[in-house]
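Scroll down for the structure; my scribbles are underneath it.
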Amino acid sequence: MKLILECLVVPPFESNCWILGCSETQAAIVIDPGDEASILETLKVHKLTLKYLIHTHGHLDHVSATAVLQQETGAPVLIHEADQILLDNLGLQGTMFGLAAPASPTVDRYICEGDRIGWGQHTLSVIETPGHSPGGVCLNLEGEHILFAGDTLFQDSIGRTDLWGGDYEQLLDSIREKLWPLHDDTIVCPGHGPRTTIGREKRVNPFLQGL
């Protein structure tokens with residue numbers, strides 16, 4: 001049951017777009033779609049069929065390729081309902097950063113705490129972690145000790161909370177209550193920057209000492 005795992009770092013904010021494939025069934029998901037051309041090429045190289053477009057949150061840099069990929073592949077779009085307002089206002093988000101906004105995708109399914117998303121022989125479970133955005137989630141790969149953390153937790157840092165709907169105390173609560181109970185060896189695949197582990201961030205993350 002081999003997992004295909006690719007990370008594409010996409011402009012303009014160096015966001016991590018994660019592609020997960022099942023080598024047995026050739027089914028795939030994309031988490032936080034960035035550049036559509038590189039995603040489609042990666043799927044083609046591995047001969048994967050896209051089953052879901054999944055979002056940890058609705059900020060512009062994590063959804064910029066969603067509408068195009070939805071149109072190209074027909075894959076359903078999944079996000080937490082509380083971040084629908086961010087998708088509805090991609091134009092305003094773009095204006096904040098001086099960028100042209102992509103088309104807003106149509107959401108096919110809202111995800112929430114405890115939902116399980118299966119593709120091929122693999123399954124993600126949804127963990128609600130609001131704070132960076134109202135509907136922020138992390139995605140835990142069952143049986144693998146791998147967490148896709150979006151912009152909730154980074155190596156040596158945490159998600160910013162000065163954007164639309166951000167809440168610093170809520171973010172800290174999410175990390176303490178939802179992420180710290182995970183195994184210390186859990187690999188954290190963040191929305192920006194290098195991978196880390198839950199145990200490392202407990203020990204050295206300067207934002208999280210004393211949680």
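Ordering of the structure tokens sets the chain letters (A, B, ...), residue numbers begin anew at 1 in every chain, and ligands are numbered from 1 in the order given.
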
Between region 54-143 of chain A and region 181-196 of chain A, at 10 Å or less, what are the per-residue closest atom pairs and their distances in Å? Count only C-alpha atoms, order by chain and rising residue number, and return it as a tab-separated table.
residue	atom	partner	partner_atom	distance
A:Thr56	CA	A:Gly191	CA	8.6
A:His57	CA	A:Gly191	CA	9.9
A:Asp61	CA	A:Gly191	CA	9.5
A:His62	CA	A:Gly191	CA	8.0
A:Cys138	CA	A:Pro190	CA	9.4
A:Leu139	CA	A:Cys189	CA	9.7
A:Asn140	CA	A:Thr186	CA	9.3
A:Leu141	CA	A:Thr186	CA	9.9

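Residue neighbourhood of region 42-46 of chain A, excluding near-sequence residues (fewer than 3 positions): Ile4, Glu6, Cys7, Leu8, Ile19, Leu20, Gly21, Cys22, Ser23, Gln26, Ala27, Ala28, Ile29, Val30, Glu36, Ala37, Ser38, Ile39, Thr49 and Leu50 of chain A, at 10 Å, using only C-alpha atoms.
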
Assign secondary structure with DSSP using the backbone only, and return the residues of region 13-211 of chain A in strand (DSSP E) as number ranges by chain. A: 15-22, 27-31, 49-54, 77-79, 109-110, 116-119, 122-128, 137-141, 146-150, 153-154, 157-158, 187-190, 196-197

For region 129-137 of chain A, find every residue with an atom within 10 Å (counting only C-alpha atoms), except residues of its own chain fewer than 3 positions away, and show them as a PyMOL selection string. chain A and resi 55-59+79-86+111-113+126+140+148-153+158-179

So that I can see what lies close to Gly91 (chain A), please list as a list in words the residues with an atom at most 8 Å from it, counting only C-alpha atoms and leaving out residues fewer than 6 positions away in the same chain. Ala100, Ala101 and Pro102 of chain A

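Minimum distance to Gly118 (chain A) across A:Glu41, A:Asp35, A:Glu201, A:Glu142 (counting only C-alpha atoms) occurs at A:Glu142.
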
If you count only C-alpha atoms, which residues fall within 7 Å of Ser157 (chain A), apart from same-chain ones fewer than 3 positions away, as a VMD selection string? chain A and resid 153 to 154 205 207

Restricting the output to N, CA and C atoms, write the selected residues as a PDB file, in the first residue's frame.
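Below is the file that was written, result-v7.pdb:
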ATOM      1  N   LEU A 153       0.468  25.251  11.779  1.00  0.00           N
ATOM      2  CA  LEU A 153       1.739  25.011  12.452  1.00  0.00           C
ATOM      3  C   LEU A 153       2.854  24.883  11.431  1.00  0.00           C
ATOM      4  N   PHE A 154       3.975  25.577  11.705  1.00  0.00           N
ATOM      5  CA  PHE A 154       5.164  25.523  10.861  1.00  0.00           C
ATOM      6  C   PHE A 154       6.367  25.107  11.699  1.00  0.00           C
ATOM      7  N   ASN A 205       9.642  25.223  19.421  1.00  0.00           N
ATOM      8  CA  ASN A 205       8.915  26.310  18.755  1.00  0.00           C
ATOM      9  C   ASN A 205       8.746  27.463  19.727  1.00  0.00           C
ATOM     10  N   PHE A 207       6.956  30.067  19.773  1.00  0.00           N
ATOM     11  CA  PHE A 207       5.596  30.570  19.955  1.00  0.00           C
ATOM     12  C   PHE A 207       4.763  29.671  20.864  1.00  0.00           C
TER      13      PHE A 207
END

Can you list, as a count of residues only, all residues belonging to chain A that DSSP tags as alpha helix (DSSP H)? 44

From the list A:Leu124, A:Ala103, A:Leu3, A:Val9, which residue is nearest Tyr52 (chain A) when using only C-alpha atoms? A:Leu124

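Using only C-alpha atoms for every distance, the candidate list A:Ala65, A:Ile198, A:Leu5, A:Met96 yields A:Leu5 as the residue closest to Leu48 (chain A).
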
Correct to one decimal, the distance CA of Val10 (chain A)-CA of Gln93 (chain A) is 17.5 Å

Name all residues at most 10 Å from Gly74 (chain A) (count only C-alpha atoms; drop same-chain ones fewer than 4 positions away) and give them as a PyMOL selection string. chain A and resi 50-53+67-70

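Note that CA of Cys17 (chain A) and CA of Leu92 (chain A) are 22.4 Å apart.
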
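Among A:Val77, A:Val204, A:Leu40, A:Leu90, the residue with the shortest atom-to-atom distance to Ser64 (chain A), counting only C-alpha atoms, is A:Leu90.
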